[in-house]
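Enquirer: Mind looking over this structure? Questions follow.
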Amino acid sequence: MMKVVTRFAPSPTGYIHIGNVRSAIYPYLIAKQNSGKFILRIEDTDRERYVEGATDLIEDTLKWLGLEWDEGPIVGGENGPYFQSERLSIYHEWVKKLIESGRAYADPTPPEKLDEYRKQCVTEKRAFLYRDFRPEKLDFEFREGVPIRFLSDPKPREWNDAVMGKMSAGPEVQDDIVLIKKDGYPTYNFAHIVDDALMGVTHVMRGVEYLSSTPNYLALYEAFGLDVPVLVSLPHILAPTGNKKLGKRDGAKSVTEYREDGVLAEAMLNYLACLGWNDGTEQEIYTKDELISRFSLDKIQSSGARYDEVKLLWMNGQWIRRIFNTQGDKALYDRTIGFWPEVAESYPEEYCLKVLSIIYDRLKTLSDLREMTEYFFKDPEIDVDMIKNNKFLKKLSEAEIEDLYKKAIEKLSSIDNWDADSLQVALNELLEETGKKPAELFSMIRIAISFAPFSPALNLTLETLGKDIALARLNAVARAI
RNA sequence: GGCCUCAUAGUAUAAUGGUUAGUACAACGGGUUUUCAUCCCGUCAAUGUGGGUUCAAUUCCCGCUGAGGUCACCA
């Protein structure tokens, strides 16, 4: 069987965002599933739109998601170079073959003339086809500074798209497309055909916007006598509102921006892979290995899918818990470096680990840590109103509250073994002794030691804080009231 | 305007020529000795429309509507 080769071929015009990263994920999965190769190729043939540093961003994104490429920049490979700008002589060589066989010609039409033709087509309400304006006498010579066009062979064409199914098109959509631009660089339309052929690419996956150009590509494959690879059109990811595809204009964040926001790569990969794809089961959470073994092209949805950040964050929470529960607290802790409040820096890892273990199931993103754990590292500011306005405490009189704090301090002071179990026993005794409801007594203590809108189970919070700090905070509050 | 694609709840999706049209997120309600979350239980909610084919259509076919793509010396 032929070795499966897929590729991700972005142009370095900026960062990779949610809307376009799927065309990296799916080829990667297909390659790995078939023990094939995944190539990264940089399509930098548009010198106007080239953005310095974009290649680094692309590489960083792929690495973060765990989509290692087998050939491409950095790692090299037998089919390089992997920057199209370094392959110009190859394209020229290929286009010359076409010229020799009379299938490509130099186009002398100035841009203004082309615009004129286009306008004419608009007024005549028809699609623009260059071949309708093609010079009568063709110039079969390759020269610097003159664009080269394909001499099309319009006819009915049929092909199969792995997602869209059986496709067909008439001659009216096939044109004399530009192969080499005036500046000597190839167009995408031409370069990708040459490169894919040379690199042995077996599966071409790209956004649906290329669907209507496919007949032209088919003509090119035919002219070169190439086998047509498996063609895969990926429907667009839609912006949260409207029906347009998600793009930078909709504020689509770069994929790696989510890393800074505390989203795990596992969750991101999981979410994106499952946006518009589903293996037919009711499974929601997939590891990368599971995705590799379960992925299939025919299960890709043929309609667009809307990006839903809420679900991504839900999935991230699932992954945070999953990592903690299956790989252990240390594994999750290692991922949280850089997400703790600044004051946590001076604390030992052991203490952070303890805090993490009682708070992790409340995290949606790792960056929640910053807000949610501050009181474990520094005394909170006392806010008496927070106690007075609490929905369980506002019916109690000030004297009553004062008395309860006194009793709580007394009780907790008497505990010898400051551990979660003993604390729970003591708290239960305190409930009985005071005759108060848990909602009242526990809220009171909870607020006094954290002054946070919420916190983990009371006995665990107390245990983690330690006897001295817990009592000191309670005393401070009792005094302030 | 030509050509092309798409169409199940708010969102992502499952399913089969015959089901009470399933699941997840969201929303809403409830439970787990406080809170927030987790976890659990429940409620709400969908086959765009009109024709056909068929005993039977969400599923197959056609029209319509709606949405999107494309018609670059951008990719």
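In the structure tokens, the first chain shown is A, the next is B, and so on; residue numbers restart at 1 for each chain, and ligands run from 1 in the order shown.
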When the cut-off is 10 Å and we count only C-alpha atoms (C1' of nucleotides), which residues of chain B are near chain A, given as a PyMOL selection string?
Expert: chain B and resi 1-7+11-15+22-26+33-38+67-75
Enquirer: Skipping near chain neighbours, those fewer than 3 positions away, what residues fall within 12 Å of Gly251 in chain A using only C-alpha atoms (C1' of nucleotides), listed as a list in words?
Expert: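 Residues meeting the cut-off are His17, Ile18, Gly19, Ala239, Pro240, Thr241, Lys245, Leu246, Gly247, Lys248, Ser254, Val255 and Glu257 of chain A.
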Enquirer: Could you tell me, as an mmCIF file with N, CA and C atoms, in the first residue's frame, which residues of range 163-389 of chain A DSSP assigns to alpha helix (DSSP H) when given the backbone?
Expert:
```
data_model
loop_
_atom_site.group_PDB
_atom_site.id
_atom_site.type_symbol
_atom_site.label_atom_id
_atom_site.label_comp_id
_atom_site.auth_asym_id
_atom_site.auth_seq_id
_atom_site.Cartn_x
_atom_site.Cartn_y
_atom_site.Cartn_z
ATOM 1 N N TYR A 188 -0.616 30.065 -5.673
ATOM 2 C CA TYR A 188 -0.979 28.903 -4.842
ATOM 3 C C TYR A 188 -1.482 27.792 -5.734
ATOM 4 N N ASN A 189 -2.345 28.164 -6.675
ATOM 5 C CA ASN A 189 -2.995 27.193 -7.545
ATOM 6 C C ASN A 189 -2.013 26.262 -8.235
ATOM 7 N N PHE A 190 -0.884 26.827 -8.573
ATOM 8 C CA PHE A 190 0.125 26.034 -9.284
ATOM 9 C C PHE A 190 1.103 25.378 -8.311
ATOM 10 N N ALA A 191 1.612 26.164 -7.383
ATOM 11 C CA ALA A 191 2.663 25.679 -6.492
ATOM 12 C C ALA A 191 2.234 24.456 -5.688
ATOM 13 N N HIS A 192 1.005 24.467 -5.197
ATOM 14 C CA HIS A 192 0.613 23.359 -4.321
ATOM 15 C C HIS A 192 0.521 22.051 -5.092
ATOM 16 N N ILE A 193 0.175 22.165 -6.373
ATOM 17 C CA ILE A 193 0.091 20.951 -7.195
ATOM 18 C C ILE A 193 1.483 20.349 -7.372
ATOM 19 N N VAL A 194 2.422 21.224 -7.700
ATOM 20 C CA VAL A 194 3.801 20.779 -7.921
ATOM 21 C C VAL A 194 4.375 20.176 -6.638
ATOM 22 N N ASP A 195 4.220 20.922 -5.542
ATOM 23 C CA ASP A 195 4.796 20.475 -4.276
ATOM 24 C C ASP A 195 4.168 19.183 -3.773
ATOM 25 N N ASP A 196 2.871 19.118 -3.851
ATOM 26 C CA ASP A 196 2.201 17.907 -3.394
ATOM 27 C C ASP A 196 2.690 16.701 -4.189
ATOM 28 N N ALA A 197 2.859 16.903 -5.483
ATOM 29 C CA ALA A 197 3.324 15.803 -6.326
ATOM 30 C C ALA A 197 4.744 15.399 -5.924
ATOM 31 N N LEU A 198 5.593 16.382 -5.787
ATOM 32 C CA LEU A 198 6.993 16.121 -5.453
ATOM 33 C C LEU A 198 7.155 15.523 -4.060
ATOM 34 N N MET A 199 6.305 15.931 -3.160
ATOM 35 C CA MET A 199 6.411 15.464 -1.777
ATOM 36 C C MET A 199 5.605 14.192 -1.522
ATOM 37 N N THR A 214 -11.404 23.377 -7.659
ATOM 38 C CA THR A 214 -10.954 22.006 -7.886
ATOM 39 C C THR A 214 -10.930 21.590 -9.362
ATOM 40 N N PRO A 215 -11.926 21.962 -10.154
ATOM 41 C CA PRO A 215 -11.861 21.573 -11.569
ATOM 42 C C PRO A 215 -10.583 22.061 -12.253
ATOM 43 N N ASN A 216 -10.122 23.239 -11.876
ATOM 44 C CA ASN A 216 -8.879 23.747 -12.441
ATOM 45 C C ASN A 216 -7.680 22.911 -11.995
ATOM 46 N N TYR A 217 -7.734 22.478 -10.737
ATOM 47 C CA TYR A 217 -6.639 21.641 -10.241
ATOM 48 C C TYR A 217 -6.640 20.299 -10.960
ATOM 49 N N LEU A 218 -7.829 19.799 -11.188
ATOM 50 C CA LEU A 218 -7.971 18.526 -11.898
ATOM 51 C C LEU A 218 -7.330 18.621 -13.287
ATOM 52 N N ALA A 219 -7.563 19.756 -13.929
ATOM 53 C CA ALA A 219 -7.001 19.962 -15.263
ATOM 54 C C ALA A 219 -5.477 19.969 -15.207
ATOM 55 N N LEU A 220 -4.957 20.549 -14.138
ATOM 56 C CA LEU A 220 -3.511 20.619 -13.969
ATOM 57 C C LEU A 220 -2.909 19.236 -13.705
ATOM 58 N N TYR A 221 -3.578 18.482 -12.827
ATOM 59 C CA TYR A 221 -3.109 17.111 -12.569
ATOM 60 C C TYR A 221 -3.062 16.344 -13.883
ATOM 61 N N GLU A 222 -4.099 16.554 -14.664
ATOM 62 C CA GLU A 222 -4.207 15.839 -15.937
ATOM 63 C C GLU A 222 -3.084 16.247 -16.887
ATOM 64 N N ALA A 223 -2.847 17.537 -16.958
ATOM 65 C CA ALA A 223 -1.818 18.030 -17.876
ATOM 66 C C ALA A 223 -0.446 17.486 -17.513
ATOM 67 N N PHE A 224 -0.219 17.271 -16.241
ATOM 68 C CA PHE A 224 1.071 16.737 -15.792
ATOM 69 C C PHE A 224 1.078 15.215 -15.718
ATOM 70 N N VAL A 255 -4.583 30.448 18.481
ATOM 71 C CA VAL A 255 -4.709 29.219 19.253
ATOM 72 C C VAL A 255 -3.846 29.283 20.512
ATOM 73 N N THR A 256 -2.674 29.848 20.362
ATOM 74 C CA THR A 256 -1.771 29.859 21.513
ATOM 75 C C THR A 256 -2.186 30.874 22.579
ATOM 76 N N GLU A 257 -3.059 31.803 22.209
ATOM 77 C CA GLU A 257 -3.543 32.732 23.216
ATOM 78 C C GLU A 257 -4.322 31.973 24.292
ATOM 79 N N TYR A 258 -4.927 30.889 23.896
ATOM 80 C CA TYR A 258 -5.672 30.086 24.859
ATOM 81 C C TYR A 258 -4.734 29.405 25.849
ATOM 82 N N ARG A 259 -3.524 29.144 25.392
ATOM 83 C CA ARG A 259 -2.529 28.570 26.302
ATOM 84 C C ARG A 259 -2.269 29.558 27.433
ATOM 85 N N GLU A 260 -2.109 30.838 27.084
ATOM 86 C CA GLU A 260 -1.885 31.866 28.096
ATOM 87 C C GLU A 260 -3.103 32.014 29.012
ATOM 88 N N ALA A 265 -3.664 22.042 26.206
ATOM 89 C CA ALA A 265 -3.557 21.635 24.803
ATOM 90 C C ALA A 265 -4.457 20.434 24.512
ATOM 91 N N GLU A 266 -4.551 19.549 25.466
ATOM 92 C CA GLU A 266 -5.402 18.365 25.284
ATOM 93 C C GLU A 266 -6.849 18.757 25.029
ATOM 94 N N ALA A 267 -7.306 19.750 25.806
ATOM 95 C CA ALA A 267 -8.692 20.184 25.680
ATOM 96 C C ALA A 267 -8.913 20.881 24.345
ATOM 97 N N MET A 268 -7.946 21.699 23.971
ATOM 98 C CA MET A 268 -8.052 22.428 22.715
ATOM 99 C C MET A 268 -8.110 21.463 21.539
ATOM 100 N N LEU A 269 -7.209 20.504 21.546
ATOM 101 C CA LEU A 269 -7.175 19.520 20.460
ATOM 102 C C LEU A 269 -8.472 18.717 20.428
ATOM 103 N N ASN A 270 -8.898 18.295 21.589
ATOM 104 C CA ASN A 270 -10.125 17.526 21.736
ATOM 105 C C ASN A 270 -11.316 18.313 21.188
ATOM 106 N N TYR A 271 -11.430 19.551 21.633
ATOM 107 C CA TYR A 271 -12.565 20.357 21.210
ATOM 108 C C TYR A 271 -12.570 20.584 19.701
ATOM 109 N N LEU A 272 -11.414 20.982 19.188
ATOM 110 C CA LEU A 272 -11.357 21.313 17.762
ATOM 111 C C LEU A 272 -11.564 20.087 16.886
ATOM 112 N N ALA A 273 -11.004 18.972 17.307
ATOM 113 C CA ALA A 273 -11.167 17.754 16.507
ATOM 114 C C ALA A 273 -12.634 17.347 16.458
ATOM 115 N N LYS A 288 -5.350 12.314 22.472
ATOM 116 C CA LYS A 288 -4.799 12.403 21.114
ATOM 117 C C LYS A 288 -4.720 11.016 20.482
ATOM 118 N N ASP A 289 -4.283 10.041 21.262
ATOM 119 C CA ASP A 289 -4.180 8.686 20.723
ATOM 120 C C ASP A 289 -5.534 8.126 20.316
ATOM 121 N N GLU A 290 -6.545 8.449 21.110
ATOM 122 C CA GLU A 290 -7.887 7.988 20.745
ATOM 123 C C GLU A 290 -8.346 8.650 19.453
ATOM 124 N N LEU A 291 -8.040 9.925 19.320
ATOM 125 C CA LEU A 291 -8.419 10.628 18.097
ATOM 126 C C LEU A 291 -7.725 9.995 16.901
ATOM 127 N N ILE A 292 -6.451 9.681 17.082
ATOM 128 C CA ILE A 292 -5.709 9.080 15.983
ATOM 129 C C ILE A 292 -6.349 7.766 15.553
ATOM 130 N N SER A 293 -6.736 6.955 16.510
ATOM 131 C CA SER A 293 -7.267 5.656 16.102
ATOM 132 C C SER A 293 -8.729 5.730 15.652
ATOM 133 N N ARG A 294 -9.475 6.709 16.150
ATOM 134 C CA ARG A 294 -10.902 6.738 15.828
ATOM 135 C C ARG A 294 -11.263 7.649 14.668
ATOM 136 N N GLU A 309 -17.141 28.805 22.607
ATOM 137 C CA GLU A 309 -16.096 28.859 23.620
ATOM 138 C C GLU A 309 -16.554 28.276 24.955
ATOM 139 N N VAL A 310 -17.845 28.382 25.226
ATOM 140 C CA VAL A 310 -18.366 27.839 26.481
ATOM 141 C C VAL A 310 -18.112 26.329 26.548
ATOM 142 N N LYS A 311 -18.327 25.672 25.436
ATOM 143 C CA LYS A 311 -18.105 24.234 25.431
ATOM 144 C C LYS A 311 -16.611 23.907 25.529
ATOM 145 N N LEU A 312 -15.820 24.736 24.912
ATOM 146 C CA LEU A 312 -14.368 24.547 25.019
ATOM 147 C C LEU A 312 -13.942 24.631 26.484
ATOM 148 N N LEU A 313 -14.482 25.615 27.199
ATOM 149 C CA LEU A 313 -14.106 25.770 28.599
ATOM 150 C C LEU A 313 -14.637 24.623 29.455
ATOM 151 N N TRP A 314 -15.800 24.147 29.122
ATOM 152 C CA TRP A 314 -16.329 22.971 29.821
ATOM 153 C C TRP A 314 -15.368 21.800 29.630
ATOM 154 N N MET A 315 -14.959 21.633 28.389
ATOM 155 C CA MET A 315 -14.056 20.530 28.075
ATOM 156 C C MET A 315 -12.725 20.701 28.796
ATOM 157 N N ASN A 316 -12.300 21.939 28.914
ATOM 158 C CA ASN A 316 -11.044 22.199 29.618
ATOM 159 C C ASN A 316 -11.158 21.785 31.085
ATOM 160 N N GLY A 317 -12.309 22.087 31.691
ATOM 161 C CA GLY A 317 -12.538 21.664 33.068
ATOM 162 C C GLY A 317 -12.488 20.149 33.183
ATOM 163 N N GLN A 318 -13.082 19.500 32.215
ATOM 164 C CA GLN A 318 -13.058 18.042 32.201
ATOM 165 C C GLN A 318 -11.628 17.526 32.156
ATOM 166 N N TRP A 319 -10.824 18.176 31.318
ATOM 167 C CA TRP A 319 -9.432 17.738 31.164
ATOM 168 C C TRP A 319 -8.602 18.025 32.405
ATOM 169 N N ILE A 320 -8.866 19.144 33.049
ATOM 170 C CA ILE A 320 -8.139 19.466 34.273
ATOM 171 C C ILE A 320 -8.387 18.359 35.301
ATOM 172 N N ARG A 321 -9.629 17.971 35.451
ATOM 173 C CA ARG A 321 -9.972 16.926 36.415
ATOM 174 C C ARG A 321 -9.418 15.574 35.984
ATOM 175 N N ARG A 322 -9.468 15.348 34.698
ATOM 176 C CA ARG A 322 -8.986 14.078 34.194
ATOM 177 C C ARG A 322 -7.492 13.914 34.438
ATOM 178 N N ILE A 323 -6.746 14.969 34.205
ATOM 179 C CA ILE A 323 -5.306 14.886 34.420
ATOM 180 C C ILE A 323 -5.003 14.675 35.902
ATOM 181 N N PHE A 324 -5.710 15.397 36.746
ATOM 182 C CA PHE A 324 -5.514 15.234 38.189
ATOM 183 C C PHE A 324 -5.838 13.810 38.617
ATOM 184 N N ASN A 325 -6.939 13.304 38.137
ATOM 185 C CA ASN A 325 -7.406 11.998 38.593
ATOM 186 C C ASN A 325 -6.685 10.815 37.969
ATOM 187 N N THR A 326 -6.159 10.992 36.765
ATOM 188 C CA THR A 326 -5.514 9.839 36.135
ATOM 189 C C THR A 326 -3.991 9.936 36.161
ATOM 190 N N GLN A 327 -3.472 11.187 36.130
ATOM 191 C CA GLN A 327 -2.013 11.309 36.110
ATOM 192 C C GLN A 327 -1.460 11.813 37.435
ATOM 193 N N ASP A 329 -1.701 14.551 41.084
ATOM 194 C CA ASP A 329 -1.648 15.971 41.408
ATOM 195 C C ASP A 329 -0.398 16.645 40.852
ATOM 196 N N LYS A 330 0.703 15.914 40.864
ATOM 197 C CA LYS A 330 1.955 16.497 40.384
ATOM 198 C C LYS A 330 1.870 16.809 38.880
ATOM 199 N N ALA A 331 1.235 15.935 38.146
ATOM 200 C CA ALA A 331 1.098 16.138 36.702
ATOM 201 C C ALA A 331 0.311 17.406 36.418
ATOM 202 N N LEU A 332 -0.764 17.603 37.164
ATOM 203 C CA LEU A 332 -1.548 18.813 36.954
ATOM 204 C C LEU A 332 -0.772 20.028 37.441
ATOM 205 N N TYR A 333 -0.110 19.852 38.580
ATOM 206 C CA TYR A 333 0.649 20.973 39.142
ATOM 207 C C TYR A 333 1.691 21.487 38.140
ATOM 208 N N ASP A 334 2.364 20.576 37.495
ATOM 209 C CA ASP A 334 3.387 20.973 36.520
ATOM 210 C C ASP A 334 2.806 21.875 35.426
ATOM 211 N N ARG A 335 1.535 21.676 35.126
ATOM 212 C CA ARG A 335 0.889 22.485 34.088
ATOM 213 C C ARG A 335 0.484 23.858 34.609
ATOM 214 N N GLU A 349 6.489 24.132 47.089
ATOM 215 C CA GLU A 349 5.678 23.390 46.123
ATOM 216 C C GLU A 349 4.644 22.509 46.831
ATOM 217 N N GLU A 350 5.074 21.935 47.927
ATOM 218 C CA GLU A 350 4.203 21.028 48.670
ATOM 219 C C GLU A 350 2.894 21.710 49.072
ATOM 220 N N TYR A 351 3.027 22.958 49.497
ATOM 221 C CA TYR A 351 1.847 23.707 49.929
ATOM 222 C C TYR A 351 0.931 24.000 48.731
ATOM 223 N N CYS A 352 1.528 24.411 47.623
ATOM 224 C CA CYS A 352 0.739 24.681 46.412
ATOM 225 C C CYS A 352 0.014 23.423 45.942
ATOM 226 N N LEU A 353 0.712 22.333 46.049
ATOM 227 C CA LEU A 353 0.136 21.052 45.660
ATOM 228 C C LEU A 353 -1.120 20.764 46.483
ATOM 229 N N LYS A 354 -1.015 21.076 47.761
ATOM 230 C CA LYS A 354 -2.139 20.859 48.677
ATOM 231 C C LYS A 354 -3.322 21.769 48.299
ATOM 232 N N VAL A 355 -2.989 23.026 48.031
ATOM 233 C CA VAL A 355 -4.028 23.966 47.625
ATOM 234 C C VAL A 355 -4.683 23.483 46.332
ATOM 235 N N LEU A 356 -3.841 23.078 45.402
ATOM 236 C CA LEU A 356 -4.351 22.611 44.114
ATOM 237 C C LEU A 356 -5.303 21.434 44.292
ATOM 238 N N SER A 357 -4.925 20.545 45.199
ATOM 239 C CA SER A 357 -5.711 19.322 45.354
ATOM 240 C C SER A 357 -7.099 19.599 45.921
ATOM 241 N N ILE A 358 -7.279 20.732 46.599
ATOM 242 C CA ILE A 358 -8.628 20.998 47.095
ATOM 243 C C ILE A 358 -9.402 21.973 46.208
ATOM 244 N N ILE A 359 -8.700 22.596 45.260
ATOM 245 C CA ILE A 359 -9.374 23.601 44.434
ATOM 246 C C ILE A 359 -9.550 23.152 42.978
ATOM 247 N N ASP A 368 -7.739 30.558 36.412
ATOM 248 C CA ASP A 368 -8.658 30.798 37.525
ATOM 249 C C ASP A 368 -7.918 30.748 38.854
ATOM 250 N N LEU A 369 -6.808 30.042 38.850
ATOM 251 C CA LEU A 369 -5.999 29.885 40.057
ATOM 252 C C LEU A 369 -5.635 31.236 40.672
ATOM 253 N N ARG A 370 -5.332 32.170 39.784
ATOM 254 C CA ARG A 370 -4.879 33.478 40.202
ATOM 255 C C ARG A 370 -5.885 34.125 41.163
ATOM 256 N N GLU A 371 -7.141 34.103 40.792
ATOM 257 C CA GLU A 371 -8.171 34.745 41.598
ATOM 258 C C GLU A 371 -8.634 33.861 42.749
ATOM 259 N N MET A 372 -8.637 32.571 42.479
ATOM 260 C CA MET A 372 -9.316 31.673 43.405
ATOM 261 C C MET A 372 -8.488 31.227 44.599
ATOM 262 N N VAL A 384 -16.207 43.537 56.825
ATOM 263 C CA VAL A 384 -17.288 43.201 57.757
ATOM 264 C C VAL A 384 -18.645 43.133 57.061
ATOM 265 N N ASP A 385 -18.810 43.976 56.046
ATOM 266 C CA ASP A 385 -20.081 43.973 55.320
ATOM 267 C C ASP A 385 -20.373 42.641 54.662
ATOM 268 N N MET A 386 -19.322 41.981 54.258
ATOM 269 C CA MET A 386 -19.508 40.695 53.585
ATOM 270 C C MET A 386 -20.173 39.702 54.544
ATOM 271 N N ILE A 387 -19.856 39.841 55.812
ATOM 272 C CA ILE A 387 -20.474 38.975 56.826
ATOM 273 C C ILE A 387 -21.903 39.430 57.083
ATOM 274 N N LYS A 388 -22.052 40.739 57.277
ATOM 275 C CA LYS A 388 -23.374 41.267 57.624
ATOM 276 C C LYS A 388 -24.397 41.075 56.514
#
```
Enquirer: For the strand (DSSP E) assignment from backbone DSSP, which residues of range 221-357 of chain A qualify? Please present them as a list in words.
Expert: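 Of range 221-357 of chain A, the ones in strand (DSSP E) are Val230, Leu231, Val232, Ser233, Leu234, Ile237, Leu238, Ala305 and Arg306 of chain A.
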Enquirer: Write out, as a PDB file, in the first residue's frame, the residues just selected, with C-alpha atoms.
Expert:
```pdb
ATOM      1  CA  VAL A 230      -7.643  12.205  -1.988  1.00  0.00           C
ATOM      2  CA  LEU A 231      -9.408  15.560  -1.878  1.00  0.00           C
ATOM      3  CA  VAL A 232     -10.902  16.658   1.403  1.00  0.00           C
ATOM      4  CA  SER A 233     -12.906  19.861   1.773  1.00  0.00           C
ATOM      5  CA  LEU A 234     -13.218  21.041   5.338  1.00  0.00           C
ATOM      6  CA  ILE A 237     -15.798  27.062  11.480  1.00  0.00           C
ATOM      7  CA  LEU A 238     -18.386  29.767  12.008  1.00  0.00           C
ATOM      8  CA  ALA A 305     -19.815  24.270  12.643  1.00  0.00           C
ATOM      9  CA  ARG A 306     -20.110  27.129  15.032  1.00  0.00           C
TER      10      ARG A 306
END
```
Enquirer: From the options B:G29, B:G10, B:G17, B:G42, which residue's atoms come nearest to U58 in chain B, counting only C-alpha atoms (C1' of nucleotides)?
Expert: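 Once distances to U58 in chain B are computed over only C-alpha atoms (C1' of nucleotides), the minimum belongs to B:G17.
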Enquirer: Within 12 Å of C61 in chain B, counting only C-alpha atoms (C1' of nucleotides), which residues qualify if same-chain residues fewer than 2 places away don't, as a list of chain:residue names?
Expert: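 Close residues of C61 in chain B: B:G51, B:G52, B:U53, B:A57, B:G63.
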Enquirer: Fewer than 5 positions away in the same chain doesn't count, so skip those; otherwise give me all residues within 12 Å of C28 in chain B, counting only C-alpha atoms (C1' of nucleotides), as a list in words.
Expert: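 Listed by chain and then number, they are G42, U43, C44 and A45 of chain B.
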Enquirer: Using only C-alpha atoms, which of A:Ser296, A:Asn160, A:Thr202, A:Asn79 sits nearest Leu29 in chain A?
Expert: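 Distance minimum relative to Leu29 in chain A lands on A:Ser296.
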Enquirer: Do you know which residues are at most 10 Å from Arg479 in chain A counting only C-alpha atoms (C1' of nucleotides), after dropping those on the same chain fewer than 2 positions away, and could you put them as a ChimeraX atom specification?
Expert: /A:402,405-406,473-477,481
